[in-house]
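See below for query-v5.txt, which holds compact mmCIF, C-alpha atoms.
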# COMPACT_ATOMS: atom_id res chain seq x y z
CA MET A 294 0.00 0.00 0.00
CA SER A 295 0.98 3.62 -0.40
CA ASN A 296 2.47 5.57 2.49
CA ASN A 297 -0.98 6.79 3.49
CA SER A 298 -2.90 4.77 6.06
CA ALA A 299 -5.76 4.18 3.60
CA PRO A 300 -5.15 2.69 0.16
CA ALA A 301 -5.32 5.10 -2.78
CA ILE A 302 -7.55 2.65 -4.65
CA ASP A 303 -10.37 0.54 -3.20
CA ALA A 304 -9.85 -3.22 -2.83
CA VAL A 305 -12.46 -4.23 -5.42
CA THR A 306 -10.96 -1.95 -8.07
CA LEU A 307 -7.43 -3.00 -7.09
CA ASN A 308 -8.29 -6.69 -7.50
CA SER A 309 -9.87 -6.01 -10.89
CA VAL A 310 -6.84 -3.97 -12.03
CA VAL A 311 -4.37 -6.67 -10.93
CA LYS A 312 -6.40 -9.33 -12.78
CA GLN A 313 -6.49 -7.20 -15.95
CA LEU A 314 -2.75 -6.51 -15.72
CA GLY A 315 -2.14 -10.26 -15.50
CA ASP A 316 -3.96 -10.75 -18.79
CA ASP A 317 -1.92 -8.39 -20.98
CA GLY A 318 -0.24 -5.66 -18.89
CA VAL A 319 -3.03 -3.09 -19.35
CA ALA A 320 -5.95 -2.31 -17.04
CA PHE A 321 -8.85 0.14 -16.88
CA THR A 322 -10.71 1.32 -13.79
CA TYR A 323 -13.85 2.08 -15.83
CA SER A 324 -15.80 0.76 -18.80
CA HIS A 325 -15.87 2.61 -22.10
CA PRO A 326 -16.62 1.46 -25.66
CA ASP A 327 -13.14 2.56 -26.84
CA ASN A 328 -11.23 0.64 -24.14
CA ALA A 329 -10.61 -2.40 -26.39
CA THR A 330 -8.96 -0.29 -29.09
CA LEU A 331 -6.94 1.68 -26.53
CA ASN A 332 -5.97 -1.58 -24.80
CA ASP A 333 -4.53 -3.00 -28.05
CA GLY A 334 -2.52 0.18 -28.66
CA LEU A 335 -1.16 0.26 -25.12
CA VAL A 336 -0.17 -3.42 -25.27
CA SER A 337 1.83 -2.64 -28.42
CA ALA A 338 3.52 0.30 -26.62
CA LEU A 339 4.55 -1.68 -23.51
CA PRO A 340 7.89 -2.88 -24.94
CA SER A 341 9.03 0.75 -25.33
CA VAL A 342 9.28 1.13 -21.53
CA PRO A 343 12.76 0.15 -20.26
CA ALA A 344 12.63 -2.99 -18.12
CA THR A 345 14.89 -5.77 -16.95
CA ALA A 346 14.79 -9.09 -18.77
CA ASP A 347 11.91 -10.86 -17.03
CA ALA A 348 10.16 -7.79 -15.68
CA GLN A 349 6.62 -6.78 -16.24
CA VAL A 350 5.47 -3.28 -17.04
CA GLY A 351 1.85 -2.38 -16.42
CA ILE A 352 -0.34 0.50 -17.51
CA VAL A 353 -3.50 1.45 -15.64
CA VAL A 354 -5.90 3.93 -17.21
CA VAL A 355 -8.13 5.74 -14.72
CA GLU A 356 -11.12 7.92 -15.38
CA ALA A 357 -10.43 11.56 -16.22
CA GLY A 358 -10.94 13.72 -13.18
CA ALA A 359 -11.49 10.70 -10.97
CA ARG A 360 -8.38 11.38 -8.89
CA LYS A 361 -6.17 14.29 -8.03
CA VAL A 362 -2.87 14.15 -9.86
CA GLY A 363 -0.96 13.64 -6.58
CA ALA A 364 -2.96 10.49 -5.86
CA LEU A 365 -1.96 8.86 -9.14
CA ARG A 366 1.49 7.92 -7.85
CA ASN A 367 -0.12 6.38 -4.76
CA ILE A 368 -2.42 4.33 -6.98
CA ALA A 369 0.61 3.19 -8.99
CA GLN A 370 2.36 2.17 -5.76
CA ASP A 371 -0.66 0.22 -4.51
CA VAL A 372 -0.98 -1.56 -7.86
CA ARG A 373 2.75 -2.31 -8.01
CA ASP A 374 2.69 -3.71 -4.48
CA ALA A 375 -0.34 -5.91 -5.24
CA SER A 376 0.79 -7.06 -8.69
CA GLY A 377 4.54 -7.43 -8.30
CA PHE A 378 5.08 -5.62 -11.60
CA GLU A 379 8.45 -3.87 -11.91
CA THR A 380 7.01 -0.65 -13.33
CA VAL A 381 3.44 0.63 -13.13
CA ILE A 382 2.22 3.65 -15.05
CA VAL A 383 -1.13 5.15 -14.05
CA ARG A 384 -2.53 7.46 -16.71
CA THR A 385 -5.45 9.85 -16.94
CA HIS A 386 -6.06 12.96 -19.01
CA GLY A 387 -5.18 14.97 -15.91
CA GLY A 388 -1.69 13.53 -15.53
CA SER A 389 0.14 10.38 -14.53
CA GLY A 390 1.81 8.53 -11.71
CA VAL A 391 4.68 6.09 -12.12
CA VAL A 392 6.52 3.79 -9.74
CA SER A 393 9.33 1.42 -10.60
CA THR A 394 11.87 -0.81 -8.96
CA ASN A 395 14.05 -0.54 -12.07
CA LEU A 396 13.93 3.06 -13.30
CA THR A 397 15.67 5.89 -11.46
CA ARG A 398 13.75 8.84 -10.12
CA ALA A 399 15.31 11.00 -12.86
CA GLN A 400 14.13 8.57 -15.55
CA ILE A 401 10.61 8.47 -14.11
CA GLU A 402 10.26 12.23 -13.80
CA ALA A 403 11.73 12.94 -17.25
CA GLY A 404 9.44 10.33 -18.79
CA ARG A 405 6.34 11.56 -16.93
CA HIS A 406 7.01 15.15 -17.94
CA GLU A 407 7.07 14.25 -21.63
CA MET A 408 4.26 11.67 -21.43
CA ASN A 409 1.92 14.18 -19.80
CA LYS A 410 2.25 16.42 -22.86
CA GLU A 411 0.70 13.69 -25.01
CA TRP A 412 -3.08 13.39 -25.20
CA ASP A 413 -2.67 10.18 -27.19
CA PHE A 414 -2.05 7.64 -24.41
CA VAL A 415 -0.34 5.12 -26.71
CA ASN A 416 2.11 7.67 -28.05
CA GLY A 417 2.53 8.99 -24.50
CA VAL A 418 3.75 5.58 -23.31
CA ARG A 419 6.20 5.40 -26.21
CA VAL A 420 7.45 8.91 -25.40
CA PHE A 421 7.77 7.93 -21.73
CA GLY A 422 9.88 4.93 -22.72
CA SER A 423 12.22 6.78 -25.06
CA THR A 424 12.63 9.69 -22.63
CA ALA A 425 13.32 7.37 -19.68
CA GLU A 426 15.88 5.46 -21.72
CA ALA A 427 17.57 8.69 -22.85
CA ALA A 428 17.70 9.89 -19.24
CA GLU A 429 19.54 6.68 -18.30
CA ILE A 430 22.06 7.07 -21.12
CA HIS A 431 22.55 10.73 -20.29
CA GLY A 432 23.18 9.83 -16.66
CA SER A 433 25.82 7.28 -17.68
CA GLU A 434 27.56 9.85 -19.84
CA TRP A 435 27.95 12.13 -16.82
CA ILE A 436 29.61 9.35 -14.85
CA VAL A 437 32.11 8.71 -17.65
CA ALA A 438 32.71 12.42 -18.23
CA GLY A 439 33.17 12.97 -14.49
CA GLY A 440 35.69 10.13 -14.28
CA VAL A 441 37.68 11.42 -17.24
CA THR A 442 37.67 14.96 -15.82
CA LEU A 443 38.80 13.75 -12.40
CA PHE A 444 41.60 11.71 -13.98
CA ALA A 445 42.74 14.71 -16.04
CA MET A 446 42.71 17.00 -13.00
CA LEU A 447 44.71 14.51 -10.91
CA THR A 448 47.23 14.12 -13.73
CA ILE A 449 47.70 17.90 -13.90
CA VAL A 450 48.07 18.21 -10.11
CA ILE A 451 50.61 15.38 -9.96
CA ALA A 452 52.56 16.73 -12.96
CA THR A 453 52.58 20.21 -11.40
CA ALA A 454 53.75 18.86 -8.06
CA LEU A 455 56.53 16.83 -9.66
CA THR A 456 57.63 19.75 -11.82
CA SER A 457 57.66 22.09 -8.80
CA GLY A 458 59.64 19.61 -6.77
CA VAL A 459 62.25 19.16 -9.49
CA THR A 460 62.51 22.94 -9.97
CA ARG A 461 62.95 23.48 -6.22
CA LEU A 462 65.57 20.77 -6.01
CA THR A 463 67.61 22.24 -8.85
CA ARG A 464 67.41 25.75 -7.38
CA THR A 465 68.33 24.76 -3.84
CA ARG A 466 71.04 22.23 -4.69
CA PRO A 467 74.41 23.84 -4.27
CA SER A 468 76.39 24.04 -7.43
CA ASP A 469 79.99 22.97 -7.62
CA GLU A 470 81.07 26.67 -7.75
CA ASP A 471 79.18 27.50 -4.53
CA ALA A 472 80.88 24.63 -2.71
CA GLY A 473 84.27 26.22 -3.36
CA HIS A 474 85.59 23.70 -5.79

Kindly present the structure from the file in structure tokens form.
Amino acid sequence: MSNNSAPAIDAVTLNSVVKQLGDDGVAFTYSHPDNATLNDGLVSALPSVPATADAQVGIVVVEAGARKVGALRNIAQDVRDASGFETVIVRTHGGSGVVSTNLTRAQIEAGRHEMNKEWDFVNGVRVFGSTAEAAEIHGSEWIVAGGVTLFAMLTIVIATALTSGVTRLTRTRPSDEDAGH
């Protein structure tokens, strides 16, 4: 369950959502004539979300205006806890909530930001996936760049220290003339 004392989603709806997710990775909290078409599109978009080899990614579509945007993450957490899915995306026209045991917070937030711009939920999931993946690659580049920069700085400091030491030694070493020879 979410951090709140009461679940963000009622038990009956949660059980229905978990059962639907088990079927194909997509669930709806309401009935609508277009759900079957949207379901097919979302199933096709699921592979675009980064996941580990055997992990499951789930998408839950909730009614527009049914929840405050802040509650969507809590719903995602409750669904993730009940389903065991690695990543759960909860989507409504008012926003989204995402929880994951695989994606970093930066990947989730970058992906959510871009997904929320998309009114087309299927394209939104694809955008989420590509943005989350790019955020991971970008993060890795910073680690490599930071390591290279640190190595370069240490090399300069060591070279400077060695050069200074050699210069000091040659300046302070008495020459043969000074020794009276």

Taking all atoms of range 452-457 of chain A that the file lists and extending 4 Å past them on each side, where is the centre of the axis-aligned box and how long are its edges? Answer in Å to one decimal, as AutoDock Vina command-line options.
--center_x 55.1 --center_y 19.4 --center_z -10.5 --size_x 13.1 --size_y 13.4 --size_z 12.9

For range 304-341 of chain A versus range 360-374 of chain A, which residues have an atom no more than 8 Å away, and what is each residue's nearest atom pair and distance in Å rounded to one decimal, using only C-alpha atoms, chain-then-number order, as a Markdown table?
| residue | atom | partner | partner_atom | distance |
| --- | --- | --- | --- | --- |
| A:Leu307 | CA | A:Val372 | CA | 6.7 |
| A:Val310 | CA | A:Val372 | CA | 7.6 |
| A:Val311 | CA | A:Val372 | CA | 6.9 |

- Message: Set the distance at 7 Å and use all atoms listed in the file: which residues neighbour range 393-403 of chain A once local chain neighbours fewer than 4 positions away are removed? I'd like the list as a ChimeraX atom specification.
- Response: /A:344,379-381,407,424-425,428-429

- Query: Any idea what's packed within 12 Å of range 347-351 of chain A, counting only C-alpha atoms, ignoring anything in its chain fewer than 3 positions away? Could you give it as number ranges by chain?
  - Reply: A: 310-321, 332, 335-344, 354, 369-370, 372-373, 375-384, 390-396, 418, 422

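Interatomic distance, CA of Tyr323 in chain A against CA of Glu356 in chain A: 6.5 Å.
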
- Query: Any idea what the distance is between CA of Val355 in chain A and CA of Thr322 in chain A?
  - Reply: 5.2 Å
